[in-house]
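What follows is a set of notes on a single structure, which appears directly below.
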Amino acid sequence: MHGLKTTGYKAGLNALYWSGVHKLFAPHARGAGAILMFHRVRPAGGSRFQPNAHLEVTPGFLQRVVERAREHGLDIVDLDEAKRRLLEPERERRFVVLTFDDGYRDNFTEAYPILRTLGAPFTVYVATGLIDRTAVPWWETVVALIERTARLRLRIGGQDFDLPTGSLSERRAAARILVRELCRVDEDTQRTAVDLAAAANGVDTQRMLAQDMMSWDDVRALASDPLVTIGAHTVGHYALARLRLERARCEMDASRDRIEAMIGVRPRHFAYPYGSALTAGEREYDLAAELGFATAVTTRRGVLGSKSRLTALPRISMNGHYQSTRYVDLLLSGVPIALERQIRGWVGKGPSSSAR
Ligand SMILES: [Zn+2]
């Protein structure tokens, strides 16, 4: 799914690394701090069909990121402290915030023990429907559907698809087509299509949820540690910009109410599902402010500075395709982002930003 582009982007990053140019530029490019984005943290799987591999890193890589950030003289801080430092960036030490999206169980079982040992604060943005088992991470269901079929037939918004899914290349092609088509239709059509296909092909989404996502007991256990901040990430994990205003507002507000009801702490921070320009924009940034969130994060790439808008904060994705210390050094320097136009010019579009 990302093969060629990833290879090209890596070549660009390598050229940049060996040129040493990032060290020269870094003081100007790196900003006051950065918010790092993770999803899953688990040991590397053996399968060659992993269309969501960009959304997961290994526990060892997570540990290296924290250690490396500290070696760079960066403090690991929580979002409240980051907000405070952003108001006076020139007087404060540079910082990094660690964030994890969605509420995957491995955040509790794999990431938490490491971060507790390192004394590193972090935030988990929880989509409450995933914890209540009323919403399904459709991108995981698509993988399960392709893995258990040799030929996948499904209907998406009135259009029929009949995709071979026997070989590795067929599986990769099917994943590419399905993700593209499922992001084209409206949010309810998307979910209906995936749910019907899951039911027709014996994919047990409730079992997937129980296996992959945290329970409320897990969330409560995390929240009881002062190192951990629980943020809101909507109820149903819909692309907010594609919902009508009232529904978008309700998704944001209701997730905060639900988390407060279940763990006793009202979330002050929010992450937009998907977080790209097409899925969260001005209307959503205003909504987050109106609802009183102290900060809200996107998945747009960037470092933080005094001009950062608190309800449209950029992040740096810790992409599973880039798990080396060299890339961490580069990303923390802020230079690849400052020079992204040039890098894009050399090698194409750069790594996929298709976060969830
Ligand atoms: Zn998400």
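Naming works like this for the structure tokens: A, B, ... for the chains as they're shown, residue 1 at the start of each chain, ligands 1 onward in shown order.
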Check: Once you count only C-alpha atoms and all ligand atoms, which residues end up within 9 Å of ligand 1, and could you hand them over as a ChimeraX atom specification?
Finding: /A:39,100-103,125-127,137,233-234,237-238,271-275,355-356
Kindly save the residues from that selection, with C-alpha atoms included, as an mmCIF file, in the first residue's frame.
data_model
loop_
_atom_site.group_PDB
_atom_site.id
_atom_site.type_symbol
_atom_site.label_atom_id
_atom_site.label_comp_id
_atom_site.auth_asym_id
_atom_site.auth_seq_id
_atom_site.Cartn_x
_atom_site.Cartn_y
_atom_site.Cartn_z
ATOM 1 C CA HIS A 39 -1.860 3.903 17.797
ATOM 2 C CA PHE A 100 -2.114 7.200 21.666
ATOM 3 C CA ASP A 101 -5.334 7.149 19.641
ATOM 4 C CA ASP A 102 -8.469 5.006 19.855
ATOM 5 C CA GLY A 103 -8.047 2.938 23.065
ATOM 6 C CA TYR A 125 -7.612 9.397 23.338
ATOM 7 C CA VAL A 126 -10.513 7.010 23.776
ATOM 8 C CA ALA A 127 -13.363 6.588 21.293
ATOM 9 C CA PRO A 137 -12.867 -0.147 13.960
ATOM 10 C CA HIS A 233 -11.955 10.883 20.599
ATOM 11 C CA THR A 234 -15.717 10.925 19.866
ATOM 12 C CA HIS A 237 -15.038 7.397 15.478
ATOM 13 C CA TYR A 238 -16.658 9.117 12.495
ATOM 14 C CA ALA A 271 -8.371 14.234 19.206
ATOM 15 C CA TYR A 272 -10.247 14.414 15.889
ATOM 16 C CA PRO A 273 -10.775 10.928 14.378
ATOM 17 C CA TYR A 274 -8.543 10.569 11.292
ATOM 18 C CA GLY A 275 -7.567 14.199 11.908
ATOM 19 C CA ALA A 355 -4.127 7.789 10.466
ATOM 20 C CA ARG A 356 -7.142 6.447 12.287
#
Proximity check range 208-271 of chain A to range 296-301 of chain A, 9 Å, nearest pairs one decimal Å, only C-alpha atoms, as JSON lines:
{"residue": "A:Arg268", "atom": "CA", "partner": "A:Ala296", "partner_atom": "CA", "distance": 9.0}
{"residue": "A:His269", "atom": "CA", "partner": "A:Ala296", "partner_atom": "CA", "distance": 5.8}
{"residue": "A:Phe270", "atom": "CA", "partner": "A:Ala296", "partner_atom": "CA", "distance": 4.5}
{"residue": "A:Ala271", "atom": "CA", "partner": "A:Val297", "partner_atom": "CA", "distance": 4.8}
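With only C-alpha atoms as the atoms that count, the residue of A:Arg309, A:Arg258, A:Arg40, A:Arg91 with the shortest distance to Ala288 in chain A is A:Arg309.
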Next item on the list: For Ala197 in chain A, please output as a PyMOL selection string all residues within 12 Å (counting only C-alpha atoms; exclusion window: fewer than 2 positions along the same chain).
Entry: chain A and resi 138+141-146+148-149+152-156+160-162+178+190-195+199-205
Put those residues in a file: N, CA and C atoms, as a PDB file, in the first residue's frame.
ATOM      1  N   TRP A 138     -13.562  -0.160  11.637  1.00  0.00           N
ATOM      2  CA  TRP A 138     -13.824  -0.776  10.329  1.00  0.00           C
ATOM      3  C   TRP A 138     -12.539  -1.132   9.583  1.00  0.00           C
ATOM      4  N   THR A 141     -11.656  -4.479  10.593  1.00  0.00           N
ATOM      5  CA  THR A 141     -12.600  -5.453  10.039  1.00  0.00           C
ATOM      6  C   THR A 141     -12.253  -5.755   8.580  1.00  0.00           C
ATOM      7  N   VAL A 142     -11.869  -4.727   7.843  1.00  0.00           N
ATOM      8  CA  VAL A 142     -11.495  -4.918   6.441  1.00  0.00           C
ATOM      9  C   VAL A 142     -10.334  -5.908   6.333  1.00  0.00           C
ATOM     10  N   VAL A 143      -9.356  -5.790   7.211  1.00  0.00           N
ATOM     11  CA  VAL A 143      -8.218  -6.714   7.202  1.00  0.00           C
ATOM     12  C   VAL A 143      -8.699  -8.134   7.496  1.00  0.00           C
ATOM     13  N   ALA A 144      -9.553  -8.274   8.506  1.00  0.00           N
ATOM     14  CA  ALA A 144     -10.059  -9.603   8.874  1.00  0.00           C
ATOM     15  C   ALA A 144     -10.851 -10.216   7.723  1.00  0.00           C
ATOM     16  N   LEU A 145     -11.648  -9.397   7.043  1.00  0.00           N
ATOM     17  CA  LEU A 145     -12.445  -9.882   5.910  1.00  0.00           C
ATOM     18  C   LEU A 145     -11.556 -10.398   4.792  1.00  0.00           C
ATOM     19  N   ILE A 146     -10.519  -9.655   4.493  1.00  0.00           N
ATOM     20  CA  ILE A 146      -9.616 -10.055   3.406  1.00  0.00           C
ATOM     21  C   ILE A 146      -8.837 -11.304   3.805  1.00  0.00           C
ATOM     22  N   ARG A 148      -9.714 -13.778   5.725  1.00  0.00           N
ATOM     23  CA  ARG A 148     -10.445 -15.044   5.837  1.00  0.00           C
ATOM     24  C   ARG A 148     -11.188 -15.435   4.563  1.00  0.00           C
ATOM     25  N   THR A 149     -10.985 -14.693   3.478  1.00  0.00           N
ATOM     26  CA  THR A 149     -11.655 -15.040   2.232  1.00  0.00           C
ATOM     27  C   THR A 149     -10.617 -15.278   1.134  1.00  0.00           C
ATOM     28  N   LEU A 152     -13.743 -11.830  -2.070  1.00  0.00           N
ATOM     29  CA  LEU A 152     -14.615 -11.052  -1.191  1.00  0.00           C
ATOM     30  C   LEU A 152     -15.645 -10.287  -2.020  1.00  0.00           C
ATOM     31  N   ARG A 153     -16.904 -10.574  -1.725  1.00  0.00           N
ATOM     32  CA  ARG A 153     -17.975  -9.845  -2.402  1.00  0.00           C
ATOM     33  C   ARG A 153     -18.660  -8.953  -1.391  1.00  0.00           C
ATOM     34  N   LEU A 154     -18.797  -7.689  -1.733  1.00  0.00           N
ATOM     35  CA  LEU A 154     -19.563  -6.811  -0.862  1.00  0.00           C
ATOM     36  C   LEU A 154     -20.118  -5.625  -1.642  1.00  0.00           C
ATOM     37  N   ARG A 155     -21.083  -4.990  -1.024  1.00  0.00           N
ATOM     38  CA  ARG A 155     -21.771  -3.865  -1.644  1.00  0.00           C
ATOM     39  C   ARG A 155     -21.481  -2.626  -0.814  1.00  0.00           C
ATOM     40  N   ILE A 156     -21.009  -1.591  -1.499  1.00  0.00           N
ATOM     41  CA  ILE A 156     -20.725  -0.325  -0.811  1.00  0.00           C
ATOM     42  C   ILE A 156     -21.553   0.762  -1.476  1.00  0.00           C
ATOM     43  N   ASP A 160     -21.493  -2.856  -6.315  1.00  0.00           N
ATOM     44  CA  ASP A 160     -21.031  -4.194  -5.946  1.00  0.00           C
ATOM     45  C   ASP A 160     -19.556  -4.374  -6.255  1.00  0.00           C
ATOM     46  N   PHE A 161     -18.862  -5.017  -5.343  1.00  0.00           N
ATOM     47  CA  PHE A 161     -17.443  -5.330  -5.536  1.00  0.00           C
ATOM     48  C   PHE A 161     -17.250  -6.836  -5.403  1.00  0.00           C
ATOM     49  N   ASP A 162     -16.417  -7.372  -6.266  1.00  0.00           N
ATOM     50  CA  ASP A 162     -16.104  -8.800  -6.247  1.00  0.00           C
ATOM     51  C   ASP A 162     -14.587  -8.887  -6.412  1.00  0.00           C
ATOM     52  N   LEU A 178     -10.752  -1.162  -1.103  1.00  0.00           N
ATOM     53  CA  LEU A 178     -11.804  -1.050  -0.096  1.00  0.00           C
ATOM     54  C   LEU A 178     -11.654   0.202   0.758  1.00  0.00           C
ATOM     55  N   GLN A 190     -20.723   3.609   4.971  1.00  0.00           N
ATOM     56  CA  GLN A 190     -19.452   2.918   5.207  1.00  0.00           C
ATOM     57  C   GLN A 190     -19.607   1.822   6.259  1.00  0.00           C
ATOM     58  N   ARG A 191     -20.195   2.203   7.404  1.00  0.00           N
ATOM     59  CA  ARG A 191     -20.312   1.234   8.509  1.00  0.00           C
ATOM     60  C   ARG A 191     -21.257   0.095   8.143  1.00  0.00           C
ATOM     61  N   THR A 192     -22.365   0.441   7.470  1.00  0.00           N
ATOM     62  CA  THR A 192     -23.329  -0.592   7.081  1.00  0.00           C
ATOM     63  C   THR A 192     -22.670  -1.599   6.155  1.00  0.00           C
ATOM     64  N   ALA A 193     -21.919  -1.111   5.190  1.00  0.00           N
ATOM     65  CA  ALA A 193     -21.262  -2.000   4.225  1.00  0.00           C
ATOM     66  C   ALA A 193     -20.314  -2.964   4.931  1.00  0.00           C
ATOM     67  N   VAL A 194     -19.521  -2.434   5.872  1.00  0.00           N
ATOM     68  CA  VAL A 194     -18.542  -3.274   6.572  1.00  0.00           C
ATOM     69  C   VAL A 194     -19.253  -4.259   7.504  1.00  0.00           C
ATOM     70  N   ASP A 195     -20.294  -3.794   8.195  1.00  0.00           N
ATOM     71  CA  ASP A 195     -21.025  -4.675   9.124  1.00  0.00           C
ATOM     72  C   ASP A 195     -21.675  -5.835   8.378  1.00  0.00           C
ATOM     73  N   ALA A 199     -20.820  -9.817   8.809  1.00  0.00           N
ATOM     74  CA  ALA A 199     -21.833 -10.824   9.159  1.00  0.00           C
ATOM     75  C   ALA A 199     -21.878 -11.929   8.108  1.00  0.00           C
ATOM     76  N   ALA A 200     -21.797 -11.544   6.837  1.00  0.00           N
ATOM     77  CA  ALA A 200     -21.900 -12.531   5.755  1.00  0.00           C
ATOM     78  C   ALA A 200     -20.688 -13.461   5.707  1.00  0.00           C
ATOM     79  N   ASN A 201     -19.543 -12.999   6.217  1.00  0.00           N
ATOM     80  CA  ASN A 201     -18.315 -13.796   6.119  1.00  0.00           C
ATOM     81  C   ASN A 201     -17.830 -14.333   7.462  1.00  0.00           C
ATOM     82  N   GLY A 202     -18.698 -14.240   8.462  1.00  0.00           N
ATOM     83  CA  GLY A 202     -18.364 -14.843   9.753  1.00  0.00           C
ATOM     84  C   GLY A 202     -17.259 -14.139  10.518  1.00  0.00           C
ATOM     85  N   VAL A 203     -17.082 -12.831  10.286  1.00  0.00           N
ATOM     86  CA  VAL A 203     -16.112 -12.079  11.097  1.00  0.00           C
ATOM     87  C   VAL A 203     -16.829 -11.591  12.357  1.00  0.00           C
ATOM     88  N   ASP A 204     -16.364 -12.042  13.502  1.00  0.00           N
ATOM     89  CA  ASP A 204     -17.009 -11.718  14.781  1.00  0.00           C
ATOM     90  C   ASP A 204     -16.424 -10.408  15.312  1.00  0.00           C
ATOM     91  N   THR A 205     -17.113  -9.309  15.021  1.00  0.00           N
ATOM     92  CA  THR A 205     -16.557  -8.003  15.391  1.00  0.00           C
ATOM     93  C   THR A 205     -16.570  -7.790  16.906  1.00  0.00           C
TER      94      THR A 205
END
Picked from range 243-284 of chain A by DSSP as alpha helix (DSSP H), as an mmCIF file with N, CA and C atoms, in the first residue's frame:
data_model
loop_
_atom_site.group_PDB
_atom_site.id
_atom_site.type_symbol
_atom_site.label_atom_id
_atom_site.label_comp_id
_atom_site.auth_asym_id
_atom_site.auth_seq_id
_atom_site.Cartn_x
_atom_site.Cartn_y
_atom_site.Cartn_z
ATOM 1 N N LEU A 245 -23.732 19.319 11.524
ATOM 2 C CA LEU A 245 -23.179 20.042 12.675
ATOM 3 C C LEU A 245 -23.615 19.472 14.021
ATOM 4 N N GLU A 246 -24.925 19.274 14.183
ATOM 5 C CA GLU A 246 -25.420 18.827 15.490
ATOM 6 C C GLU A 246 -24.886 17.450 15.857
ATOM 7 N N ARG A 247 -24.787 16.605 14.861
ATOM 8 C CA ARG A 247 -24.287 15.256 15.123
ATOM 9 C C ARG A 247 -22.793 15.294 15.471
ATOM 10 N N ALA A 248 -22.077 16.149 14.787
ATOM 11 C CA ALA A 248 -20.641 16.281 15.086
ATOM 12 C C ALA A 248 -20.444 16.767 16.515
ATOM 13 N N ARG A 249 -21.229 17.783 16.896
ATOM 14 C CA ARG A 249 -21.116 18.323 18.252
ATOM 15 C C ARG A 249 -21.445 17.249 19.285
ATOM 16 N N CYS A 250 -22.502 16.496 18.998
ATOM 17 C CA CYS A 250 -22.929 15.454 19.919
ATOM 18 C C CYS A 250 -21.856 14.368 20.069
ATOM 19 N N GLU A 251 -21.242 13.992 18.967
ATOM 20 C CA GLU A 251 -20.165 12.983 19.012
ATOM 21 C C GLU A 251 -19.031 13.428 19.951
ATOM 22 N N MET A 252 -18.693 14.699 19.877
ATOM 23 C CA MET A 252 -17.591 15.217 20.696
ATOM 24 C C MET A 252 -17.998 15.320 22.159
ATOM 25 N N ASP A 253 -19.185 15.881 22.379
ATOM 26 C CA ASP A 253 -19.656 16.136 23.741
ATOM 27 C C ASP A 253 -19.995 14.835 24.463
ATOM 28 N N ALA A 254 -20.697 13.935 23.761
ATOM 29 C CA ALA A 254 -21.158 12.698 24.404
ATOM 30 C C ALA A 254 -19.992 11.807 24.796
ATOM 31 N N SER A 255 -18.908 11.842 24.023
ATOM 32 C CA SER A 255 -17.757 10.998 24.393
ATOM 33 C C SER A 255 -17.137 11.507 25.691
ATOM 34 N N ARG A 256 -17.120 12.827 25.841
ATOM 35 C CA ARG A 256 -16.569 13.382 27.080
ATOM 36 C C ARG A 256 -17.452 13.028 28.283
ATOM 37 N N ASP A 257 -18.781 13.129 28.093
ATOM 38 C CA ASP A 257 -19.709 12.765 29.175
ATOM 39 C C ASP A 257 -19.550 11.298 29.568
ATOM 40 N N ARG A 258 -19.417 10.451 28.557
ATOM 41 C CA ARG A 258 -19.336 9.019 28.823
ATOM 42 C C ARG A 258 -18.048 8.668 29.596
ATOM 43 N N ILE A 259 -16.954 9.272 29.182
ATOM 44 C CA ILE A 259 -15.686 9.007 29.885
ATOM 45 C C ILE A 259 -15.788 9.482 31.334
ATOM 46 N N GLU A 260 -16.362 10.656 31.521
ATOM 47 C CA GLU A 260 -16.507 11.177 32.884
ATOM 48 C C GLU A 260 -17.362 10.240 33.728
ATOM 49 N N ALA A 261 -18.456 9.744 33.128
ATOM 50 C CA ALA A 261 -19.353 8.840 33.860
ATOM 51 C C ALA A 261 -18.634 7.545 34.229
ATOM 52 N N MET A 262 -17.737 7.077 33.371
ATOM 53 C CA MET A 262 -17.114 5.769 33.590
ATOM 54 C C MET A 262 -15.840 5.829 34.423
ATOM 55 N N ILE A 263 -15.111 6.954 34.377
ATOM 56 C CA ILE A 263 -13.855 6.980 35.149
ATOM 57 C C ILE A 263 -13.832 8.092 36.198
ATOM 58 N N GLU A 282 -12.151 23.866 10.024
ATOM 59 C CA GLU A 282 -12.491 25.052 10.821
ATOM 60 C C GLU A 282 -13.706 24.828 11.716
ATOM 61 N N ARG A 283 -14.753 24.224 11.141
ATOM 62 C CA ARG A 283 -15.975 24.014 11.922
ATOM 63 C C ARG A 283 -15.677 23.182 13.163
ATOM 64 N N GLU A 284 -14.872 22.142 13.010
ATOM 65 C CA GLU A 284 -14.556 21.265 14.134
ATOM 66 C C GLU A 284 -13.625 21.960 15.138
#
